[in-house]
file input-v2.pdb (PDB, C-alpha atoms)
ATOM      1  CA  MET A 364     -29.750   5.384   8.831
ATOM      2  CA  SER A 365     -32.876   6.577  10.525
ATOM      3  CA  ARG A 366     -34.951   9.537   9.457
ATOM      4  CA  SER A 367     -35.679  12.301  11.944
ATOM      5  CA  THR A 368     -37.745  15.435  11.825
ATOM      6  CA  ASP A 369     -34.768  17.764  11.869
ATOM      7  CA  GLN A 370     -32.199  15.803   9.898
ATOM      8  CA  LYS A 371     -32.468  14.222   6.457
ATOM      9  CA  LEU A 372     -30.041  12.194   4.443
ATOM     10  CA  THR A 373     -30.163  13.321   0.849
ATOM     11  CA  PRO A 374     -28.079  13.056  -2.303
ATOM     12  CA  LYS A 375     -30.407  14.869  -4.688
ATOM     13  CA  PHE A 376     -31.152  18.320  -6.039
ATOM     14  CA  ASP A 377     -33.708  19.056  -8.711
ATOM     15  CA  GLN A 378     -32.825  20.546 -12.072
ATOM     16  CA  LYS A 379     -32.647  24.087 -10.696
ATOM     17  CA  PHE A 380     -31.962  25.239  -7.167
ATOM     18  CA  ASP A 381     -35.119  27.039  -6.004
ATOM     19  CA  PRO A 382     -35.289  28.481  -2.441
ATOM     20  CA  LYS A 383     -39.105  28.589  -2.750
ATOM     21  CA  ALA A 384     -39.378  24.905  -3.566
ATOM     22  CA  ASP A 385     -41.380  22.509  -1.412
ATOM     23  CA  PRO A 386     -39.189  21.878   1.665
ATOM     24  CA  ILE A 387     -40.438  18.301   1.969
ATOM     25  CA  VAL A 388     -37.877  16.113   0.201
ATOM     26  CA  ASP A 389     -37.025  12.448   0.369
ATOM     27  CA  ARG A 390     -33.768  10.761   1.270
ATOM     28  CA  ARG A 391     -32.700  10.363  -2.346
ATOM     29  CA  GLU A 392     -32.487  14.049  -3.248
ATOM     30  CA  LEU A 393     -29.597  14.419  -5.707
ATOM     31  CA  LEU A 394     -26.389  16.185  -4.786
ATOM     32  CA  ALA A 395     -26.073  16.969  -8.490
ATOM     33  CA  LEU A 396     -27.386  20.297  -9.764
ATOM     34  CA  GLY A 397     -29.440  20.484 -12.920
ATOM     35  CA  ALA A 398     -28.665  22.323 -16.125
ATOM     36  CA  GLY A 399     -27.701  25.525 -14.414
ATOM     37  CA  GLY A 400     -24.862  26.961 -16.442
ATOM     38  CA  ALA A 401     -22.405  26.550 -19.278
ATOM     39  CA  LEU A 402     -19.275  24.556 -18.507
ATOM     40  CA  GLY A 403     -16.756  26.017 -20.855
ATOM     41  CA  LEU A 404     -15.687  25.677 -24.442
ATOM     42  CA  VAL A 405     -15.260  22.724 -26.739
ATOM     43  CA  GLY A 406     -11.604  21.792 -27.254
ATOM     44  CA  LEU A 407      -9.551  19.095 -28.902
ATOM     45  CA  LEU A 408      -7.899  16.489 -26.697
ATOM     46  CA  GLY A 409      -4.412  15.286 -27.508
ATOM     47  CA  THR A 410      -4.552  11.531 -27.985
ATOM     48  CA  ALA A 411      -0.951  10.407 -28.310
ATOM     49  CA  ALA A 412      -0.080   9.762 -24.666
ATOM     50  CA  PRO A 413      -1.499   6.712 -22.850
ATOM     51  CA  ALA A 414      -3.466   7.075 -19.643
ATOM     52  CA  ARG A 415      -1.315   7.291 -16.538
ATOM     53  CA  ALA A 416      -2.204   6.959 -12.876
ATOM     54  CA  GLN A 417      -0.905   9.477 -10.394
ATOM     55  CA  GLU A 418       2.138   8.553  -8.336
ATOM     56  CA  MET A 419       2.020   8.491  -4.558
ATOM     57  CA  PRO A 420       1.899  12.134  -3.425
ATOM     58  CA  ASN A 421       3.930  13.599  -0.593
ATOM     59  CA  THR A 422       1.455  16.345   0.271
ATOM     60  CA  LEU A 423      -2.159  17.289  -0.461
ATOM     61  CA  PRO A 424      -1.071  19.925  -3.029
ATOM     62  CA  ASP A 425       0.901  17.201  -4.833
ATOM     63  CA  LEU A 426      -2.175  14.971  -4.845
ATOM     64  CA  ILE A 427      -4.348  17.745  -6.264
ATOM     65  CA  ASP A 428      -1.851  18.554  -9.021
ATOM     66  CA  ARG A 429      -1.583  14.921 -10.062
ATOM     67  CA  SER A 430      -5.312  14.224  -9.929
ATOM     68  CA  ARG A 431      -7.132  17.313 -11.197
ATOM     69  CA  GLN A 432      -7.282  16.365 -14.877
ATOM     70  CA  ALA A 433      -8.759  12.963 -14.078
ATOM     71  CA  VAL A 434     -11.738  14.609 -12.318
ATOM     72  CA  VAL A 435     -14.401  15.621 -14.834
ATOM     73  CA  ALA A 436     -17.776  17.354 -14.917
ATOM     74  CA  VAL A 437     -20.646  15.109 -16.040
ATOM     75  CA  GLY A 438     -23.778  16.357 -17.763
ATOM     76  CA  THR A 439     -25.952  16.360 -20.848
ATOM     77  CA  PHE A 440     -25.568  18.182 -24.150
ATOM     78  CA  ALA A 441     -28.080  19.517 -26.671
ATOM     79  CA  ALA A 442     -27.214  22.001 -29.393
ATOM     80  CA  THR A 443     -30.638  23.653 -29.066
ATOM     81  CA  ASP A 444     -30.417  24.163 -25.292
ATOM     82  CA  ASN A 445     -29.177  27.314 -23.608
ATOM     83  CA  PRO A 446     -26.764  26.539 -22.125
ATOM     84  CA  ARG A 447     -25.931  23.597 -24.335
ATOM     85  CA  PHE A 448     -24.180  21.703 -21.549
ATOM     86  CA  GLY A 449     -26.375  20.825 -18.568
ATOM     87  CA  PHE A 450     -24.138  20.122 -15.573
ATOM     88  CA  ARG A 451     -25.284  17.252 -13.336
ATOM     89  CA  GLY A 452     -22.349  16.117 -11.195
ATOM     90  CA  THR A 453     -18.767  14.893 -11.003
ATOM     91  CA  GLY A 454     -16.940  11.819 -12.286
ATOM     92  CA  PHE A 455     -13.372  10.544 -12.533
ATOM     93  CA  ALA A 456     -11.351   8.590 -15.098
ATOM     94  CA  VAL A 457      -9.979   5.147 -14.267
ATOM     95  CA  GLY A 458      -8.284   2.193 -15.936
ATOM     96  CA  ASP A 459      -7.220   2.811 -19.506
ATOM     97  CA  GLY A 460      -8.584   6.363 -19.514
ATOM     98  CA  ARG A 461     -11.737   5.532 -21.454
ATOM     99  CA  ARG A 462     -13.987   4.784 -18.477
ATOM    100  CA  ILE A 463     -15.522   7.273 -16.054
ATOM    101  CA  VAL A 464     -16.895   6.423 -12.600
ATOM    102  CA  THR A 465     -19.782   8.501 -11.226
ATOM    103  CA  CYS A 466     -23.029   8.105  -9.264
ATOM    104  CA  ALA A 467     -26.088   6.533 -10.840
ATOM    105  CA  HIS A 468     -28.267   9.459  -9.753
ATOM    106  CA  VAL A 469     -26.041  11.844 -11.753
ATOM    107  CA  ILE A 470     -27.200  10.162 -14.986
ATOM    108  CA  PRO A 471     -30.748  11.123 -16.069
ATOM    109  CA  ASN A 472     -33.275   8.323 -16.261
ATOM    110  CA  PRO A 473     -34.428   8.047 -18.959
ATOM    111  CA  ILE A 474     -31.525   9.425 -20.977
ATOM    112  CA  GLU A 475     -33.127  11.836 -23.428
ATOM    113  CA  LYS A 476     -30.062  13.904 -24.353
ATOM    114  CA  ASP A 477     -26.463  13.142 -25.258
ATOM    115  CA  LEU A 478     -24.188  12.475 -22.306
ATOM    116  CA  MET A 479     -21.053  14.597 -22.104
ATOM    117  CA  ILE A 480     -18.079  15.180 -19.808
ATOM    118  CA  THR A 481     -15.916  18.267 -19.502
ATOM    119  CA  VAL A 482     -12.215  17.655 -18.875
ATOM    120  CA  PRO A 483     -10.324  20.444 -17.034
ATOM    121  CA  ALA A 484      -7.782  22.505 -18.926
ATOM    122  CA  SER A 485      -4.231  21.215 -18.676
ATOM    123  CA  GLY A 486      -1.873  22.837 -16.230
ATOM    124  CA  GLY A 487      -4.371  23.936 -13.586
ATOM    125  CA  ALA A 488      -3.359  26.565 -11.074
ATOM    126  CA  SER A 489       0.272  25.477 -10.901
ATOM    127  CA  GLY A 490       1.021  25.065 -14.604
ATOM    128  CA  ASN A 491       0.052  26.408 -17.989
ATOM    129  CA  ALA A 492      -3.540  27.544 -17.469
ATOM    130  CA  SER A 493      -3.941  28.937 -20.975
ATOM    131  CA  GLY A 494      -5.691  25.791 -22.248
ATOM    132  CA  GLN A 495      -9.422  25.364 -22.504
ATOM    133  CA  PRO A 496     -11.734  22.732 -20.975
ATOM    134  CA  GLN A 497     -12.414  19.897 -23.380
ATOM    135  CA  MET A 498     -15.848  18.382 -23.954
ATOM    136  CA  ARG A 499     -16.011  14.664 -24.707
ATOM    137  CA  ALA A 500     -19.001  12.531 -25.657
ATOM    138  CA  VAL A 501     -19.661   9.539 -23.402
ATOM    139  CA  LYS A 502     -22.186   6.708 -23.184
ATOM    140  CA  LEU A 503     -23.606   4.806 -20.242
ATOM    141  CA  LEU A 504     -21.804   1.470 -19.975
ATOM    142  CA  ARG A 505     -23.539   0.122 -16.864
ATOM    143  CA  ARG A 506     -25.499   1.418 -13.889
ATOM    144  CA  ASP A 507     -26.147  -0.001 -10.410
ATOM    145  CA  THR A 508     -28.990   2.018  -8.891
ATOM    146  CA  ALA A 509     -29.014  -0.120  -5.751
ATOM    147  CA  ARG A 510     -25.491   1.086  -4.883
ATOM    148  CA  ASP A 511     -25.830   4.400  -6.743
ATOM    149  CA  LEU A 512     -22.885   3.821  -9.073
ATOM    150  CA  ALA A 513     -22.482   4.172 -12.839
ATOM    151  CA  ILE A 514     -19.720   3.564 -15.360
ATOM    152  CA  LEU A 515     -19.464   5.773 -18.456
ATOM    153  CA  GLU A 516     -17.295   5.169 -21.510
ATOM    154  CA  LEU A 517     -15.877   7.620 -24.021
ATOM    155  CA  ALA A 518     -18.005   7.549 -27.163
ATOM    156  CA  ASP A 519     -15.737   9.420 -29.587
ATOM    157  CA  ASP A 520     -12.543   8.478 -31.418
ATOM    158  CA  LYS A 521     -10.281  11.142 -29.914
ATOM    159  CA  GLY A 522      -8.394   8.692 -27.724
ATOM    160  CA  ALA A 523      -8.266   8.040 -23.991
ATOM    161  CA  LEU A 524      -7.927  10.651 -21.275
ATOM    162  CA  VAL A 525      -4.299  11.196 -20.343
ATOM    163  CA  ASP A 526      -4.729  11.115 -16.558
ATOM    164  CA  VAL A 527      -6.558   8.489 -14.508
ATOM    165  CA  LEU A 528      -6.969   7.756 -10.796
ATOM    166  CA  SER A 529      -5.939   4.486  -9.172
ATOM    167  CA  LEU A 530      -8.480   2.576  -7.104
ATOM    168  CA  ALA A 531      -7.459   1.263  -3.694
ATOM    169  CA  GLU A 532      -7.042  -2.504  -3.629
ATOM    170  CA  VAL A 533      -9.689  -4.539  -1.814
ATOM    171  CA  ASP A 534      -8.747  -7.486   0.415
ATOM    172  CA  GLY A 535     -11.854  -9.510   1.177
ATOM    173  CA  ASP A 536     -14.134  -7.756   3.646
ATOM    174  CA  ARG A 537     -11.378  -5.538   4.999
ATOM    175  CA  PRO A 538     -12.104  -1.826   4.347
ATOM    176  CA  ALA A 539      -9.789  -0.065   1.913
ATOM    177  CA  VAL A 540      -9.364   2.798   4.387
ATOM    178  CA  ARG A 541      -9.336   2.959   8.182
ATOM    179  CA  GLU A 542     -11.346   5.179  10.498
ATOM    180  CA  GLY A 543      -9.415   8.352  11.189
ATOM    181  CA  ALA A 544      -7.620   8.345   7.832
ATOM    182  CA  ALA A 545      -7.102  11.735   6.202
ATOM    183  CA  VAL A 546      -9.059  11.962   2.956
ATOM    184  CA  ALA A 547      -9.804  14.513   0.227
ATOM    185  CA  LEU A 548     -12.935  14.788  -1.901
ATOM    186  CA  MET A 549     -12.642  16.405  -5.304
ATOM    187  CA  GLY A 550     -15.338  17.729  -7.598
ATOM    188  CA  TYR A 551     -17.433  20.663  -8.751
ATOM    189  CA  PRO A 552     -19.402  21.943  -5.728
ATOM    190  CA  ILE A 553     -22.409  24.138  -6.549
ATOM    191  CA  GLY A 554     -21.944  23.298 -10.220
ATOM    192  CA  THR A 555     -21.012  26.316 -12.319
ATOM    193  CA  ALA A 556     -22.120  28.913  -9.761
ATOM    194  CA  LEU A 557     -18.490  29.306  -8.651
ATOM    195  CA  GLY A 558     -17.076  29.055 -12.152
ATOM    196  CA  VAL A 559     -15.680  26.056 -14.000
ATOM    197  CA  THR A 560     -13.295  25.169 -11.190
ATOM    198  CA  MET A 561     -12.489  21.833  -9.607
ATOM    199  CA  ALA A 562     -12.355  22.146  -5.812
ATOM    200  CA  THR A 563     -10.892  19.912  -3.097
ATOM    201  CA  HIS A 564     -12.198  19.536   0.459
ATOM    202  CA  ARG A 565     -10.258  17.763   3.191
ATOM    203  CA  GLY A 566     -11.583  15.637   6.053
ATOM    204  CA  THR A 567     -11.270  12.317   7.845
ATOM    205  CA  VAL A 568     -13.119   9.021   7.762
ATOM    206  CA  ALA A 569     -15.314   9.483  10.828
ATOM    207  CA  ALA A 570     -16.989   6.065  10.755
ATOM    208  CA  LEU A 571     -17.639   2.923   8.751
ATOM    209  CA  THR A 572     -21.395   2.468   8.769
ATOM    210  CA  ARG A 573     -24.210   0.594   7.025
ATOM    211  CA  ALA A 574     -27.454   1.729   5.413
ATOM    212  CA  ALA A 575     -29.932   0.744   2.724
ATOM    213  CA  LEU A 576     -30.444   3.182  -0.136
ATOM    214  CA  PRO A 577     -34.082   3.525  -1.198
ATOM    215  CA  ALA A 578     -34.805   4.108  -4.879
ATOM    216  CA  PRO A 579     -35.227   7.804  -5.780
ATOM    217  CA  THR A 580     -38.571   7.102  -7.476
ATOM    218  CA  SER A 581     -40.882   4.159  -7.958
ATOM    219  CA  ASN A 582     -39.892   4.103 -11.635
ATOM    220  CA  THR A 583     -36.348   3.079 -10.697
ATOM    221  CA  LEU A 584     -37.371   0.251  -8.386
ATOM    222  CA  SER A 585     -36.041  -2.926  -9.918
ATOM    223  CA  GLU A 586     -36.114  -6.536  -8.815
ATOM    224  CA  ARG A 587     -32.426  -6.273  -7.984
ATOM    225  CA  ALA A 588     -32.912  -3.126  -5.902
ATOM    226  CA  VAL A 589     -35.772  -4.674  -3.946
ATOM    227  CA  ARG A 590     -33.743  -7.836  -3.380
ATOM    228  CA  GLN A 591     -30.805  -5.831  -2.001
ATOM    229  CA  LEU A 592     -33.055  -3.923   0.399
ATOM    230  CA  ARG A 593     -34.326  -7.264   1.683
ATOM    231  CA  ASP A 594     -30.842  -8.748   1.948
ATOM    232  CA  GLY A 595     -29.603  -5.942   4.163
ATOM    233  CA  ALA A 596     -27.777  -2.653   4.173
ATOM    234  CA  MET A 597     -24.598  -1.800   2.288
ATOM    235  CA  GLU A 598     -21.490  -0.205   3.733
ATOM    236  CA  PHE A 599     -20.763   3.524   3.645
ATOM    237  CA  LEU A 600     -17.877   5.760   4.615
ATOM    238  CA  GLN A 601     -19.029   8.572   6.902
ATOM    239  CA  LEU A 602     -16.893  11.689   6.561
ATOM    240  CA  ASP A 603     -16.459  14.833   8.623
ATOM    241  CA  ALA A 604     -16.189  16.854   5.401
ATOM    242  CA  THR A 605     -18.770  19.006   3.664
ATOM    243  CA  ALA A 606     -20.031  18.086   0.199
ATOM    244  CA  TYR A 607     -22.288  20.366  -1.827
ATOM    245  CA  PRO A 608     -24.621  20.044  -4.819
ATOM    246  CA  GLY A 609     -22.373  19.024  -7.704
ATOM    247  CA  ASN A 610     -19.962  16.855  -5.675
ATOM    248  CA  SER A 611     -21.948  13.663  -6.348
ATOM    249  CA  GLY A 612     -19.860  11.087  -8.187
ATOM    250  CA  GLY A 613     -16.540  12.673  -7.260
ATOM    251  CA  PRO A 614     -13.584  10.650  -5.954
ATOM    252  CA  LEU A 615     -12.725  10.275  -2.280
ATOM    253  CA  LEU A 616      -8.946   9.970  -2.067
ATOM    254  CA  ASP A 617      -6.757   8.602   0.714
ATOM    255  CA  ILE A 618      -4.227  11.408   1.083
ATOM    256  CA  ARG A 619      -1.517   9.010   2.288
ATOM    257  CA  THR A 620      -1.682   6.706  -0.747
ATOM    258  CA  GLY A 621      -3.304   8.957  -3.354
ATOM    259  CA  LYS A 622      -5.782   6.194  -4.256
ATOM    260  CA  VAL A 623      -9.563   6.324  -4.567
ATOM    261  CA  VAL A 624     -11.277   4.749  -1.545
ATOM    262  CA  GLY A 625     -14.847   5.857  -2.271
ATOM    263  CA  VAL A 626     -17.323   7.792  -4.432
ATOM    264  CA  ILE A 627     -19.111  10.810  -2.928
ATOM    265  CA  ASN A 628     -22.796   9.986  -2.651
ATOM    266  CA  MET A 629     -24.918  11.897  -0.122
ATOM    267  CA  VAL A 630     -24.955  14.471   2.649
ATOM    268  CA  VAL A 631     -26.819  14.916   5.920
ATOM    269  CA  LEU A 632     -29.089  17.965   5.997
ATOM    270  CA  LYS A 633     -30.145  19.880   9.079
ATOM    271  CA  GLY A 634     -33.490  20.800   7.579
ATOM    272  CA  THR A 635     -34.635  21.418   4.018
ATOM    273  CA  ARG A 636     -32.439  20.920   0.962
ATOM    274  CA  GLU A 637     -31.612  24.641   0.947
ATOM    275  CA  SER A 638     -29.698  24.114   4.193
ATOM    276  CA  ALA A 639     -27.010  22.266   2.225
ATOM    277  CA  LEU A 640     -25.845  25.750   1.237
ATOM    278  CA  SER A 641     -26.981  27.960   4.115
ATOM    279  CA  ALA A 642     -26.175  25.622   7.013
ATOM    280  CA  PRO A 643     -24.177  22.565   5.896
ATOM    281  CA  SER A 644     -24.004  19.769   8.444
ATOM    282  CA  GLY A 645     -20.402  18.825   7.675
ATOM    283  CA  ILE A 646     -21.367  15.135   7.427
ATOM    284  CA  THR A 647     -20.997  13.426   4.062
ATOM    285  CA  TYR A 648     -21.207   9.817   2.913
ATOM    286  CA  ALA A 649     -19.272   7.939   0.239
ATOM    287  CA  VAL A 650     -19.787   4.560  -1.428
ATOM    288  CA  PRO A 651     -16.719   2.375  -0.676
ATOM    289  CA  VAL A 652     -14.455   1.494  -3.577
ATOM    290  CA  LYS A 653     -15.123  -2.224  -3.096
ATOM    291  CA  TYR A 654     -18.464  -1.727  -4.863
ATOM    292  CA  VAL A 655     -16.741  -0.078  -7.856
ATOM    293  CA  TRP A 656     -14.360  -2.935  -8.669
ATOM    294  CA  PRO A 657     -17.049  -5.475  -9.730
ATOM    295  CA  MET A 658     -18.580  -2.961 -12.153
ATOM    296  CA  LEU A 659     -15.216  -2.441 -13.855
ATOM    297  CA  ASP A 660     -14.435  -6.153 -13.987
ATOM    298  CA  LYS A 661     -17.572  -7.006 -15.974
TER     299      LYS A 661
END
call {"tool": "encode", "arguments": {"input": "input-v2.pdb", "output": "structure tokens"}}
result
Amino acid sequence: MSRSTDQKLTPKFDQKFDPKADPIVDRRELLALGAGGALGLVGLLGTAAPARAQEMPNTLPDLIDRSRQAVVAVGTFAATDNPRFGFRGTGFAVGDGRRIVTCAHVIPNPIEKDLMITVPASGGASGNASGQPQMRAVKLLRRDTARDLAILELADDKGALVDVLSLAEVDGDRPAVREGAAVALMGYPIGTALGVTMATHRGTVAALTRAALPAPTSNTLSERAVRQLRDGAMEFLQLDATAYPGNSGGPLLDIRTGKVVGVINMVVLKGTRESALSAPSGITYAVPVKYVWPMLDK
């Protein structure tokens, strides 16, 4: 994807959103917000029930109801910080309920504080909403900075998450979703500015495209990342949906099947990073699910 003077491709926001910040930003600006607000209370998670994947939904509201508790907030935790939980982005539970998929740029590098996720209260808008969000300790299992993906694993002994999302199957080089397919992206846009609320945006797959992701900083340039840039670009799903700071790492769901077809990664900006809020372009990119499968199979 080419860079122009009036349009930038960026998945990054600094630790705090500052309208007076230097408007010159690179293509790897994080979609994730920094430690901008508390994300709820610590709760105890019931551990008796095994993880379950959502069934095929009939409508978008069905899909949201069956998926919301598998979509988590990802951040850091320090008892001496205020707030103690520093929100950084979105993730979602897969497999046996002990693994969380998110973007690599959501995880701080280096990791200097404990990693934590916040699981939404049970029931949501359509059920018993009297519960409280639950905070769970996690650890980084593996990270692929070249494709901007990371896998987290629960680090406590409270059991697996009850709800998980199913990944779309991959058949060779065939895409898991077609152009024109109706999709939904789920996550925590604008972090905690709108409250501790998971939100869903709807759109379509506008195009299947290719691009090479540069490293966010020289410190994260690895031999593998350089080799991938030389080997060629990776595939992306271009969406006609708007993502905001905080959506990074969230699932992109095929509304027809209810399965994850991508991971929200970056957004096109019309100007400076502040325009993501004041004048969103409505163009978002997601990493295809075919790059997630190998990380889970290791």
call {"tool": "atom_distance", "arguments": {"input": "input-v2.pdb", "atom1": "atom CA of A:Leu602", "atom2": "atom CA of A:Ile646"}}
result
5.7 Å
call {"tool": "resolve_selection", "arguments": {"input": "input-v2.pdb", "expression": "the PyMOL selection byres ((chain A and resi 514-525) around 6)", "output": "ChimeraX atom specification"}}
result
/A:410,413-414,460-464,500-505,513,526
call {"tool": "atom_distance", "arguments": {"input": "input-v2.pdb", "atom1": "atom CA of A:Ile553", "atom2": "atom CA of A:Val457"}}
result
24.0 Å
call {"tool": "atom_distance", "arguments": {"input": "input-v2.pdb", "atom1": "atom CA of A:Gly535", "atom2": "atom CA of A:Asp660"}}
result
15.7 Å
call {"tool": "resolve_selection", "arguments": {"input": "input-v2.pdb", "expression": "the PyMOL selection byres ((chain A and resi 625) around 9)", "output": "ChimeraX atom specification"}}
result
/A:530-531,539,599-600,613-616,623-624,626-628,649-655
call {"tool": "residues_near_point", "arguments": {"input": "input-v2.pdb", "point": "(-21.9, 13.9, -21.1)", "cutoff": "9 Å", "atoms": "all atoms listed in the file", "output": "PyMOL selection string"}}
result
chain A and resi 436-440+448-450+470+476-481+498-502+515
call {"tool": "resolve_selection", "arguments": {"input": "input-v2.pdb", "expression": "the PyMOL selection byres ((chain A and resi 469) around 6)", "output": "list in words"}}
result
Arg451, Gly452, Cys466, Ala467, His468 and Ile470 of chain A
call {"tool": "write_last_selection", "arguments": {"input": "input-v2.pdb", "atoms": "C-alpha atoms", "output": "PDB file, keeping the file's coordinate frame"}}
result
ATOM      1  CA  ARG A 451     -25.284  17.252 -13.336  1.00  0.00           C
ATOM      2  CA  GLY A 452     -22.349  16.117 -11.195  1.00  0.00           C
ATOM      3  CA  CYS A 466     -23.029   8.105  -9.264  1.00  0.00           C
ATOM      4  CA  ALA A 467     -26.088   6.533 -10.840  1.00  0.00           C
ATOM      5  CA  HIS A 468     -28.267   9.459  -9.753  1.00  0.00           C
ATOM      6  CA  ILE A 470     -27.200  10.162 -14.986  1.00  0.00           C
TER       7      ILE A 470
END
call {"tool": "residues_around", "arguments": {"input": "input-v2.pdb", "residues": "stretch 421-435 of chain A", "least_positions_apart": "5", "cutoff": "7 Å", "atoms": "all atoms listed in the file", "output": "PyMOL selection string"}}
result
chain A and resi 453-456+480-483+485+526-528+550+618+621
call {"tool": "closest_residue", "arguments": {"input": "input-v2.pdb", "among": "A:Asp617, A:Leu548, A:Glu475, A:Arg565", "to": "A:Ala441", "atoms": "only C-alpha atoms"}}
result
A:Glu475
call {"tool": "closest_residue", "arguments": {"input": "input-v2.pdb", "among": "A:Lys661, A:Arg510, A:Ala569, A:Asn472", "to": "A:Arg541", "atoms": "all atoms listed in the file"}}
result
A:Ala569
call {"tool": "axis_aligned_box", "arguments": {"input": "input-v2.pdb", "around": "stretch 567-573 of chain A", "padding_each_side": "5 Å", "output": "AutoDock Vina command-line options"}}
result
--center_x -17.7 --center_y 6.5 --center_z 8.9 --size_x 22.9 --size_y 21.7 --size_z 13.8
call {"tool": "closest_residue", "arguments": {"input": "input-v2.pdb", "among": "A:Thr560, A:Ser529, A:Asp459, A:Pro552", "to": "A:Gln495", "atoms": "all atoms listed in the file"}}
result
A:Thr560
